[in-house]
Structures are given as structure tokens and as C-alpha cells.
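Chemist: Data file target-v7.cif (mmCIF, C-alpha atoms) is appended below.
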data_run
#
loop_
_atom_site.label_atom_id
_atom_site.label_comp_id
_atom_site.auth_asym_id
_atom_site.auth_seq_id
_atom_site.Cartn_x
_atom_site.Cartn_y
_atom_site.Cartn_z
CA MET W 1 14.29 -11.20 -11.88
CA SER W 2 14.42 -14.94 -12.12
CA SER W 3 11.95 -17.19 -13.89
CA GLU W 4 12.95 -20.26 -11.90
CA LEU W 5 10.24 -21.95 -9.90
CA ARG W 6 10.68 -23.95 -6.70
CA ALA W 7 8.68 -27.13 -6.05
CA GLY W 8 4.95 -26.34 -5.91
CA GLU W 9 5.27 -22.79 -7.21
CA GLU W 10 2.96 -21.60 -9.95
CA ALA W 11 3.13 -18.61 -12.26
CA VAL W 12 0.30 -17.02 -14.25
CA GLU W 13 0.41 -15.00 -17.42
CA LEU W 14 0.42 -11.32 -16.50
CA PRO W 15 -2.32 -9.09 -17.96
CA GLU W 16 -1.34 -7.33 -21.19
CA ARG W 17 -1.50 -3.93 -19.59
CA THR W 18 -1.56 -2.27 -16.20
CA ASP W 19 -4.65 -0.41 -14.99
CA ALA W 20 -3.17 2.58 -13.16
CA GLY W 21 0.18 4.29 -12.77
CA VAL W 22 2.32 4.95 -9.71
CA TYR W 23 4.66 7.91 -9.23
CA PHE W 24 7.91 7.31 -7.40
CA ILE W 25 7.94 10.25 -4.97
CA GLY W 26 11.31 9.78 -3.31
CA VAL W 27 13.95 7.22 -2.44
CA ILE W 28 14.74 5.14 0.63
CA HIS W 29 18.31 4.73 1.85
CA THR W 30 19.23 1.74 3.98
CA PRO W 31 22.46 -0.12 4.82
CA TRP W 32 21.40 -3.12 2.68
CA ARG W 33 22.76 -3.44 -0.85
CA THR W 34 21.50 -6.92 -1.76
CA ARG W 35 18.29 -8.82 -1.01
CA GLN W 36 20.34 -11.38 0.89
CA GLU W 37 21.52 -8.68 3.29
CA CYS W 38 18.02 -7.34 4.03
CA PRO W 39 16.45 -8.38 7.32
CA LYS W 40 13.35 -10.58 7.01
CA ARG W 41 11.27 -7.88 8.62
CA GLY W 42 11.75 -4.39 9.95
CA ASP W 43 12.95 -3.94 13.51
CA ARG W 44 12.24 -0.77 15.42
CA ASP W 45 15.57 -1.28 17.21
CA GLY W 46 17.32 -1.60 13.84
CA PRO W 47 19.53 1.00 12.17
CA ILE W 48 18.33 4.46 11.23
CA CYS W 49 17.34 4.61 7.56
CA THR W 50 16.44 7.72 5.60
CA ILE W 51 13.55 8.59 3.35
CA ALA W 52 14.29 11.40 0.92
CA VAL W 53 11.12 12.93 -0.51
CA ASP W 54 11.39 14.58 -3.94
CA GLU W 55 11.31 18.38 -3.97
CA ARG W 56 7.98 18.41 -5.82
CA TRP W 57 6.24 16.73 -2.87
CA ARG W 58 8.20 18.34 -0.03
CA LYS W 59 5.36 20.48 1.29
CA GLY W 60 3.36 17.30 1.79
CA LEU W 61 5.55 16.67 4.85
CA ALA W 62 4.07 19.64 6.76
CA GLY W 63 2.97 18.38 10.16
CA ILE W 64 4.67 14.99 9.84
CA ALA W 65 6.84 15.57 12.94
CA GLY W 66 3.69 15.32 15.06
CA HIS W 67 3.40 11.61 14.22
CA LYS W 68 5.68 9.15 15.95
CA ARG W 69 4.69 6.14 13.86
CA LEU W 70 4.24 6.16 10.12
CA GLN W 71 3.21 3.70 7.45
CA VAL W 72 5.68 3.78 4.59
CA LEU W 73 4.67 2.35 1.21
CA TYR W 74 7.38 1.46 -1.25
CA TRP W 75 7.77 -0.33 -4.55
CA MET W 76 9.76 -3.57 -4.49
CA HIS W 77 11.18 -3.00 -7.93
CA GLN W 78 13.24 -6.17 -8.06
CA ALA W 79 10.42 -8.62 -7.38
CA ARG W 80 8.70 -10.75 -10.01
CA ARG W 81 4.93 -10.31 -10.19
CA ASP W 82 3.51 -13.48 -11.70
CA LEU W 83 3.48 -16.10 -8.90
CA VAL W 84 0.19 -17.22 -7.36
CA LEU W 85 1.71 -20.09 -5.38
CA GLN W 86 5.05 -19.72 -3.62
CA THR W 87 7.26 -22.04 -1.63
CA PRO W 88 9.25 -19.97 0.86
CA TYR W 89 12.48 -21.49 2.13
CA GLN W 90 11.70 -24.36 4.51
CA ARG W 91 7.96 -23.65 4.42
CA GLU W 92 4.90 -25.09 2.72
CA THR W 93 3.65 -23.94 -0.65
CA THR W 94 1.17 -21.11 0.02
CA GLY W 95 -0.92 -18.63 -1.94
CA THR W 96 0.69 -15.25 -2.57
CA PHE W 97 -2.06 -13.41 -0.66
CA ALA W 98 -1.40 -15.51 2.44
CA LEU W 99 2.25 -14.40 2.43
CA ARG W 100 4.01 -11.06 2.88
CA SER W 101 6.60 -12.02 0.27
CA PRO W 102 7.76 -9.20 -2.06
CA VAL W 103 6.67 -11.42 -4.97
CA ARG W 104 3.06 -10.40 -5.72
CA PRO W 105 1.04 -8.90 -8.58
CA ASN W 106 1.62 -5.39 -7.25
CA PRO W 107 4.94 -5.34 -5.39
CA ILE W 108 3.91 -2.72 -2.83
CA ALA W 109 5.28 -3.06 0.69
CA VAL W 110 3.65 -1.51 3.76
CA SER W 111 6.11 -0.98 6.61
CA LEU W 112 5.43 0.51 10.01
CA VAL W 113 8.29 2.76 11.08
CA GLU W 114 9.18 5.00 13.98
CA LEU W 115 9.96 8.58 13.04
CA VAL W 116 13.28 9.62 14.60
CA GLY W 117 13.83 13.00 12.95
CA VAL W 118 12.98 15.32 10.09
CA ASP W 119 15.57 17.42 8.23
CA GLY W 120 13.98 19.34 5.38
CA ALA W 121 12.67 16.75 2.92
CA VAL W 122 14.55 13.88 4.59
CA LEU W 123 13.05 11.68 7.31
CA GLN W 124 15.11 9.52 9.64
CA VAL W 125 13.21 6.38 10.61
CA ARG W 126 13.70 2.97 12.20
CA GLY W 127 11.90 -0.21 11.19
CA LEU W 128 12.59 -0.58 7.47
CA ASP W 129 13.88 -3.77 5.88
CA CYS W 130 14.26 -2.84 2.21
CA LEU W 131 17.12 -2.47 -0.24
CA ASP W 132 19.06 0.77 -0.49
CA GLY W 133 17.62 2.79 -3.35
CA THR W 134 14.05 1.46 -3.05
CA PRO W 135 11.47 3.81 -4.60
CA LEU W 136 9.08 5.49 -2.15
CA ILE W 137 5.40 5.67 -3.04
CA ASP W 138 3.63 6.98 0.09
CA ILE W 139 3.90 8.01 3.73
CA LYS W 140 0.84 8.04 6.03
CA PRO W 141 0.35 8.52 9.76
CA GLU W 142 -0.28 5.14 11.41
CA HIS W 143 -3.61 6.13 12.90
CA GLY W 144 -6.08 8.95 12.71
CA ALA W 145 -9.30 9.71 10.97
CA ARG W 146 -9.35 10.14 7.24
CA GLY W 147 -8.58 13.79 6.58
CA MET J 1 -12.43 14.92 -9.69
CA SER J 2 -12.64 18.53 -8.67
CA SER J 3 -9.98 21.16 -9.14
CA GLU J 4 -11.38 23.43 -6.44
CA LEU J 5 -9.07 24.28 -3.58
CA ARG J 6 -10.10 25.10 -0.03
CA ALA J 7 -8.33 27.83 1.95
CA GLY J 8 -4.66 26.94 2.45
CA GLU J 9 -4.64 24.03 0.01
CA GLU J 10 -1.87 23.77 -2.53
CA ALA J 11 -1.56 21.71 -5.71
CA VAL J 12 1.61 20.80 -7.61
CA GLU J 13 2.08 19.96 -11.25
CA LEU J 14 2.02 16.18 -11.62
CA PRO J 15 5.02 14.49 -13.25
CA GLU J 16 4.66 13.92 -17.00
CA ARG J 17 4.64 10.19 -16.62
CA THR J 18 4.19 7.49 -14.02
CA ASP J 19 7.08 5.24 -12.99
CA ALA J 20 5.40 1.86 -12.55
CA GLY J 21 2.09 0.22 -13.30
CA VAL J 22 -0.51 -1.37 -11.05
CA TYR J 23 -2.80 -4.24 -11.98
CA PHE J 24 -6.34 -4.21 -10.63
CA ILE J 25 -6.69 -7.78 -9.35
CA GLY J 26 -10.30 -7.78 -8.24
CA VAL J 27 -13.11 -5.59 -7.00
CA ILE J 28 -14.47 -4.63 -3.60
CA HIS J 29 -18.21 -4.54 -2.93
CA THR J 30 -19.57 -2.40 -0.12
CA PRO J 31 -22.95 -0.84 0.74
CA TRP J 32 -21.64 2.67 -0.07
CA ARG J 33 -22.39 4.18 -3.47
CA THR J 34 -21.07 7.73 -2.94
CA ARG J 35 -18.12 9.19 -1.06
CA GLN J 36 -20.54 11.02 1.21
CA GLU J 37 -22.02 7.71 2.33
CA CYS J 38 -18.65 6.09 3.16
CA PRO J 39 -17.70 5.92 6.84
CA LYS J 40 -14.66 8.02 7.81
CA ARG J 41 -12.80 4.89 8.73
CA GLY J 42 -13.41 1.17 8.72
CA ASP J 43 -15.15 -0.41 11.68
CA ARG J 44 -14.68 -4.05 12.52
CA ASP J 45 -18.28 -4.06 13.78
CA GLY J 46 -19.43 -2.59 10.47
CA PRO J 47 -21.25 -4.43 7.68
CA ILE J 48 -19.80 -7.42 5.85
CA CYS J 49 -18.22 -6.37 2.58
CA THR J 50 -16.92 -8.66 -0.14
CA ILE J 51 -13.66 -8.81 -2.03
CA ALA J 52 -13.91 -10.63 -5.35
CA VAL J 53 -10.49 -11.70 -6.65
CA ASP J 54 -10.14 -12.10 -10.42
CA GLU J 55 -9.94 -15.68 -11.70
CA ARG J 56 -6.36 -15.18 -12.88
CA TRP J 57 -5.18 -14.63 -9.29
CA ARG J 58 -7.53 -17.03 -7.51
CA LYS J 59 -4.89 -19.58 -6.53
CA GLY J 60 -3.10 -16.80 -4.66
CA LEU J 61 -5.80 -17.16 -1.98
CA ALA J 62 -4.57 -20.64 -0.95
CA GLY J 63 -4.09 -20.62 2.81
CA ILE J 64 -5.82 -17.27 3.34
CA ALA J 65 -8.45 -18.79 5.66
CA GLY J 66 -5.72 -19.33 8.25
CA HIS J 67 -5.40 -15.57 8.76
CA LYS J 68 -8.02 -13.75 10.80
CA ARG J 69 -6.78 -10.26 10.01
CA LEU J 70 -5.70 -9.05 6.62
CA GLN J 71 -4.30 -5.87 5.14
CA VAL J 72 -6.25 -4.92 2.04
CA LEU J 73 -4.74 -2.48 -0.45
CA TYR J 74 -7.02 -0.74 -2.89
CA TRP J 75 -6.90 2.05 -5.41
CA MET J 76 -8.96 5.14 -4.60
CA HIS J 77 -9.79 5.79 -8.23
CA GLN J 78 -11.88 8.89 -7.64
CA ALA J 79 -9.27 10.88 -5.72
CA ARG J 80 -7.20 13.73 -7.18
CA ARG J 81 -3.44 13.25 -6.85
CA ASP J 82 -1.87 16.70 -6.94
CA LEU J 83 -2.40 18.23 -3.48
CA VAL J 84 0.56 18.68 -1.13
CA LEU J 85 -1.36 20.77 1.41
CA GLN J 86 -4.94 19.94 2.36
CA THR J 87 -7.52 21.53 4.60
CA PRO J 88 -9.84 18.81 5.88
CA TYR J 89 -13.28 19.90 7.03
CA GLN J 90 -13.00 21.81 10.33
CA ARG J 91 -9.28 21.06 10.65
CA GLU J 92 -5.99 22.90 10.05
CA THR J 93 -4.17 22.89 6.75
CA THR J 94 -1.77 19.94 6.85
CA GLY J 95 0.70 18.18 4.56
CA THR J 96 -0.67 15.25 2.58
CA PHE J 97 1.76 12.79 4.19
CA ALA J 98 0.53 13.78 7.67
CA LEU J 99 -3.04 12.82 6.67
CA ARG J 100 -4.76 9.59 5.69
CA SER J 101 -6.89 11.42 3.15
CA PRO J 102 -7.57 9.58 -0.15
CA VAL J 103 -6.06 12.60 -1.92
CA ARG J 104 -2.34 11.79 -2.35
CA PRO J 105 0.17 11.27 -5.17
CA ASN J 106 -0.53 7.54 -5.19
CA PRO J 107 -4.12 6.97 -4.05
CA ILE J 108 -3.45 3.62 -2.38
CA ALA J 109 -5.41 2.82 0.78
CA VAL J 110 -4.28 0.28 3.37
CA SER J 111 -7.16 -1.10 5.44
CA LEU J 112 -7.03 -3.66 8.20
CA VAL J 113 -9.95 -6.05 7.97
CA GLU J 114 -11.25 -9.10 9.76
CA LEU J 115 -11.76 -12.14 7.56
CA VAL J 116 -15.26 -13.55 8.11
CA GLY J 117 -15.42 -16.15 5.36
CA VAL J 118 -14.04 -17.44 2.08
CA ASP J 119 -16.20 -18.70 -0.77
CA GLY J 120 -14.10 -19.60 -3.80
CA ALA J 121 -12.48 -16.38 -4.98
CA VAL J 122 -14.70 -14.18 -2.80
CA LEU J 123 -13.73 -13.07 0.70
CA GLN J 124 -16.23 -11.74 3.24
CA VAL J 125 -14.62 -9.18 5.50
CA ARG J 126 -15.45 -6.47 8.03
CA GLY J 127 -13.61 -3.17 8.46
CA LEU J 128 -13.68 -1.59 5.01
CA ASP J 129 -14.77 1.99 4.38
CA CYS J 130 -14.50 2.36 0.60
CA LEU J 131 -16.90 2.89 -2.26
CA ASP J 132 -18.68 -0.01 -3.91
CA GLY J 133 -16.70 -1.01 -7.00
CA THR J 134 -13.29 0.04 -5.67
CA PRO J 135 -10.42 -1.73 -7.47
CA LEU J 136 -8.43 -4.20 -5.35
CA ILE J 137 -4.64 -4.19 -5.62
CA ASP J 138 -3.39 -6.49 -2.85
CA ILE J 139 -4.24 -8.68 0.14
CA LYS J 140 -1.61 -9.56 2.76
CA PRO J 141 -1.76 -11.27 6.16
CA GLU J 142 -1.47 -8.66 8.91
CA HIS J 143 1.59 -10.19 10.52
CA GLY J 144 4.13 -12.83 9.78
CA ALA J 145 7.63 -13.09 8.46
CA ARG J 146 8.30 -12.23 4.85
CA GLY J 147 7.80 -15.42 2.89
#
What would you get if you wrote out this structure as C-alpha cells?
Modeler:
Amino acid sequence: MSSELRAGEEAVELPERTDAGVYFIGVIHTPWRTRQECPKRGDRDGPICTIAVDERWRKGLAGIAGHKRLQVLYWMHQARRDLVLQTPYQRETTGTFALRSPVRPNPIAVSLVELVGVDGAVLQVRGLDCLDGTPLIDIKPEHGARG
Amino acid sequence: MSSELRAGEEAVELPERTDAGVYFIGVIHTPWRTRQECPKRGDRDGPICTIAVDERWRKGLAGIAGHKRLQVLYWMHQARRDLVLQTPYQRETTGTFALRSPVRPNPIAVSLVELVGVDGAVLQVRGLDCLDGTPLIDIKPEHGARG
């Protein structure tokens, strides 16, 4: 994490404590080893990536193969959390909540992926754009009534 | 939280500790005071709800008015977290990750809302389905390149 600020950027003091805790429930494997290598956004024609769900949660995948499109939530563990104003490369300074930047108070990404296959507790998907080794926090069907 | 299980449901032992912490960055106000009153899913023709962002993060809203549709992430603080198999009312037993139920290891909801207005640090939106007083964890524009 860097504490450097670009022109116009503004950081706030983070709260002393967090309010709730997240479990990492698996790990995402992609071809990208550095943030520079990651695509700017997921591409459903991009490479197949894998999502390995921890054994504890494996039964939670029952029925997943019936859903072609999934929302995947993951934790962007390398992103700083204290910027309220950001100046993306070659763009205007903008509020964090008007950007999809990984830099945000809670670095949770929501990606829409296409499910290609299921092998035990491992899903093959297309459409991710994150670093290899990114912690998984949730998988949900794209649509459908609340269960 | 209830520890009762319906037919076919299965709970796991939760990990001893969480892996990352979430900040509650604001609060959502809706007309619904109990889970029974909440609609099953958000409706963009539903009532206007408000999202009040904490003062600390207020500047993060700069530029938000330029986005008509937003993803809102919130913490479903009343949901249990330990079910891997669930039996929704009048439906088959299904894995947690094949449902959009609030009951999941990380009770984070992702709702798509329409932005109706902005008044200081308060957004008026349509499309939410959560309890009054639900903690806010993120707001993102629906589309757009990563900043």
C-alpha cells in the first residue's frame, strides 16, 4: 500500500475499529500476478479463471451448476481504504463512490462472471479481472428471488 | 438470530476468527421495520428510500449525481452466517451460493438502485428491499471502467 497522493486526491483518517468481520471462504486463481497485469475490467471472452471454495463451505455450492451467470464478491486485499477523492490516470478528480476503483473504505469487488464448469469445490469462470490469490468472500446467482 | 433448521438445512461450524474487517459507512432508511415486511426483492417502482453517508466519507459522493444507477452494498446484520444448505419456503433444499438469501457466510447484499436525488450526504434512491437501519458498506456506479 502506498500513501502517496496524486493531485486532487484526499485521504481521511480511518475509524479506530471495524464494525463487522468478513470470512475469506476460498481463493481466486487468475493469470495475473501484479496489479499492472490485471485487465481494467472483466471480459467474458477472457481467460478461464478458477474459484476454489474452502472445504468448510463446499456444500454451499449445491445447485450452482444451474446458474450460468454468477456475482462473485472478493476482497481487494492490496488496496488502501482511506481515499475519499481520487484522481484516476488521465481522468478528473472524483469521489470514491462515483468510481469502481479498488480503493474504497471497504475494498469489496462485485464481478459478474459466466460459469464454465464445476469440479468439486472448484468453479471455472470467465469475466474476472483480479490478482491471482485474491480472497473470495461470496458467490450469488445473478438473478432470482431472495431464497 | 435463530438456530432452528428447516428440513434439509445444514449448518457448519464458523471459523474461529474473521479475516478482514468492514467499516459501516452510513445507514439506510426504508419503510420496513421487520424482515416480514421487507419485499422479496427491490423494485425500481417501489418507495423512495434514503442512504445517509457518514460525515467522514461525505466527500466520496463527489460526482455521484452523474450516475443514474448505483450498486449499493449493505450488511445484513440480522442474518445467521453458518448455513451451507437452505430450504427456502416452498422450495427445494439448495446450496447457499445458489441462493440470494441473506443467510450466507458474509451477509453482504448487492442491490441495484436508481438514484432519484442527492441532498448533501443523503441519497434518495428506489430499488432497495432491506430493513430500516441497515448498515451501508459501499456505493458504486453500476458500470464504468475501474478508476
Chemist: With a cut-off of 6 Å, could you pull out the residues of chain J touching chain W and give me the nearest pair of atoms for each, distance in Å to one decimal, using only C-alpha atoms, ordered by chain and ascending number, as JSON lines?
Modeler:
{"residue": "J:Thr18", "atom": "CA", "partner": "W:Tyr23", "partner_atom": "CA", "distance": 4.8}
{"residue": "J:Asp19", "atom": "CA", "partner": "W:Tyr23", "partner_atom": "CA", "distance": 5.2}
{"residue": "J:Ala20", "atom": "CA", "partner": "W:Val22", "partner_atom": "CA", "distance": 5.2}
{"residue": "J:Gly21", "atom": "CA", "partner": "W:Gly21", "partner_atom": "CA", "distance": 4.5}
{"residue": "J:Val22", "atom": "CA", "partner": "W:Ala20", "partner_atom": "CA", "distance": 5.2}
{"residue": "J:Tyr23", "atom": "CA", "partner": "W:Thr18", "partner_atom": "CA", "distance": 4.8}
{"residue": "J:Lys40", "atom": "CA", "partner": "W:Arg146", "partner_atom": "CA", "distance": 5.7}
{"residue": "J:Lys59", "atom": "CA", "partner": "W:Val84", "partner_atom": "CA", "distance": 5.7}
{"residue": "J:Gly60", "atom": "CA", "partner": "W:Gly95", "partner_atom": "CA", "distance": 3.9}
{"residue": "J:Leu61", "atom": "CA", "partner": "W:Gly95", "partner_atom": "CA", "distance": 5.1}
{"residue": "J:Ala62", "atom": "CA", "partner": "W:Gly95", "partner_atom": "CA", "distance": 4.3}
{"residue": "J:Gly63", "atom": "CA", "partner": "W:Ala98", "partner_atom": "CA", "distance": 5.8}
{"residue": "J:Ile64", "atom": "CA", "partner": "W:Ala98", "partner_atom": "CA", "distance": 4.8}
{"residue": "J:Val84", "atom": "CA", "partner": "W:Gly60", "partner_atom": "CA", "distance": 4.3}
{"residue": "J:Leu85", "atom": "CA", "partner": "W:Gly60", "partner_atom": "CA", "distance": 5.9}
{"residue": "J:Pro88", "atom": "CA", "partner": "W:Gly147", "partner_atom": "CA", "distance": 5.2}
{"residue": "J:Thr94", "atom": "CA", "partner": "W:Ala62", "partner_atom": "CA", "distance": 5.8}
{"residue": "J:Gly95", "atom": "CA", "partner": "W:Gly60", "partner_atom": "CA", "distance": 3.9}
{"residue": "J:Thr96", "atom": "CA", "partner": "W:Gly60", "partner_atom": "CA", "distance": 4.6}
{"residue": "J:Phe97", "atom": "CA", "partner": "W:Lys140", "partner_atom": "CA", "distance": 5.2}
{"residue": "J:Ala98", "atom": "CA", "partner": "W:Ile64", "partner_atom": "CA", "distance": 4.8}
{"residue": "J:Leu99", "atom": "CA", "partner": "W:Gly147", "partner_atom": "CA", "distance": 5.6}
{"residue": "J:Arg100", "atom": "CA", "partner": "W:Arg146", "partner_atom": "CA", "distance": 4.9}
{"residue": "J:Ser101", "atom": "CA", "partner": "W:Gly147", "partner_atom": "CA", "distance": 4.5}
{"residue": "J:Asn106", "atom": "CA", "partner": "W:Val22", "partner_atom": "CA", "distance": 5.9}
{"residue": "J:Ile139", "atom": "CA", "partner": "W:Phe97", "partner_atom": "CA", "distance": 5.3}
{"residue": "J:Lys140", "atom": "CA", "partner": "W:Phe97", "partner_atom": "CA", "distance": 5.2}
{"residue": "J:Pro141", "atom": "CA", "partner": "W:Ala98", "partner_atom": "CA", "distance": 5.7}
{"residue": "J:Arg146", "atom": "CA", "partner": "W:Arg100", "partner_atom": "CA", "distance": 4.9}
{"residue": "J:Gly147", "atom": "CA", "partner": "W:Ser101", "partner_atom": "CA", "distance": 4.5}
Chemist: Kindly export the residues of the current selection with C-alpha atoms, as a tab-separated table (two decimals), in the coordinates of the input.
Modeler:
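Listing of selection-v6.tsv after writing:
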chain	number	residue	atom	x	y	z
J	18	THR	CA	4.19	7.49	-14.02
J	19	ASP	CA	7.08	5.24	-12.99
J	20	ALA	CA	5.40	1.86	-12.55
J	21	GLY	CA	2.09	0.22	-13.30
J	22	VAL	CA	-0.51	-1.37	-11.05
J	23	TYR	CA	-2.80	-4.24	-11.98
J	40	LYS	CA	-14.66	8.02	7.81
J	59	LYS	CA	-4.89	-19.58	-6.53
J	60	GLY	CA	-3.10	-16.80	-4.66
J	61	LEU	CA	-5.80	-17.16	-1.98
J	62	ALA	CA	-4.57	-20.64	-0.95
J	63	GLY	CA	-4.09	-20.62	2.81
J	64	ILE	CA	-5.82	-17.27	3.34
J	84	VAL	CA	0.56	18.68	-1.13
J	85	LEU	CA	-1.36	20.77	1.41
J	88	PRO	CA	-9.84	18.81	5.88
J	94	THR	CA	-1.77	19.94	6.85
J	95	GLY	CA	0.70	18.18	4.56
J	96	THR	CA	-0.67	15.25	2.58
J	97	PHE	CA	1.76	12.79	4.19
J	98	ALA	CA	0.53	13.78	7.67
J	99	LEU	CA	-3.04	12.82	6.67
J	100	ARG	CA	-4.76	9.59	5.69
J	101	SER	CA	-6.89	11.42	3.15
J	106	ASN	CA	-0.53	7.54	-5.19
J	139	ILE	CA	-4.24	-8.68	0.14
J	140	LYS	CA	-1.61	-9.56	2.76
J	141	PRO	CA	-1.76	-11.27	6.16
J	146	ARG	CA	8.30	-12.23	4.85
J	147	GLY	CA	7.80	-15.42	2.89
Chemist: Between CA of Ile51 (chain J) and CA of Gln78 (chain J), what distance in Å does the model show, to one decimal?
Modeler: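 CA of Ile51 (chain J) sits 18.7 Å away from CA of Gln78 (chain J).
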Chemist: Which one is closest to Arg44 (chain J): J:Ile28, J:Val113, J:Ala79, J:Val118? Count all atoms listed in the file.
Modeler: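 Going through J:Ile28, J:Val113, J:Ala79, J:Val118 one by one, the smallest distance to Arg44 (chain J) is for J:Val113.
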Chemist: Hey, can you check how far CA of Ile48 (chain W) sits from CA of Arg126 (chain W)?
Modeler: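 It comes out at 5.0 Å.
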Chemist: At a cut-off of 6 Å, using all atoms listed in the file, what residues contact Leu115 (chain J)? Leave out same-chain residues fewer than 5 positions from it and give the result as number ranges by chain.
Modeler: J: 68-69, 125
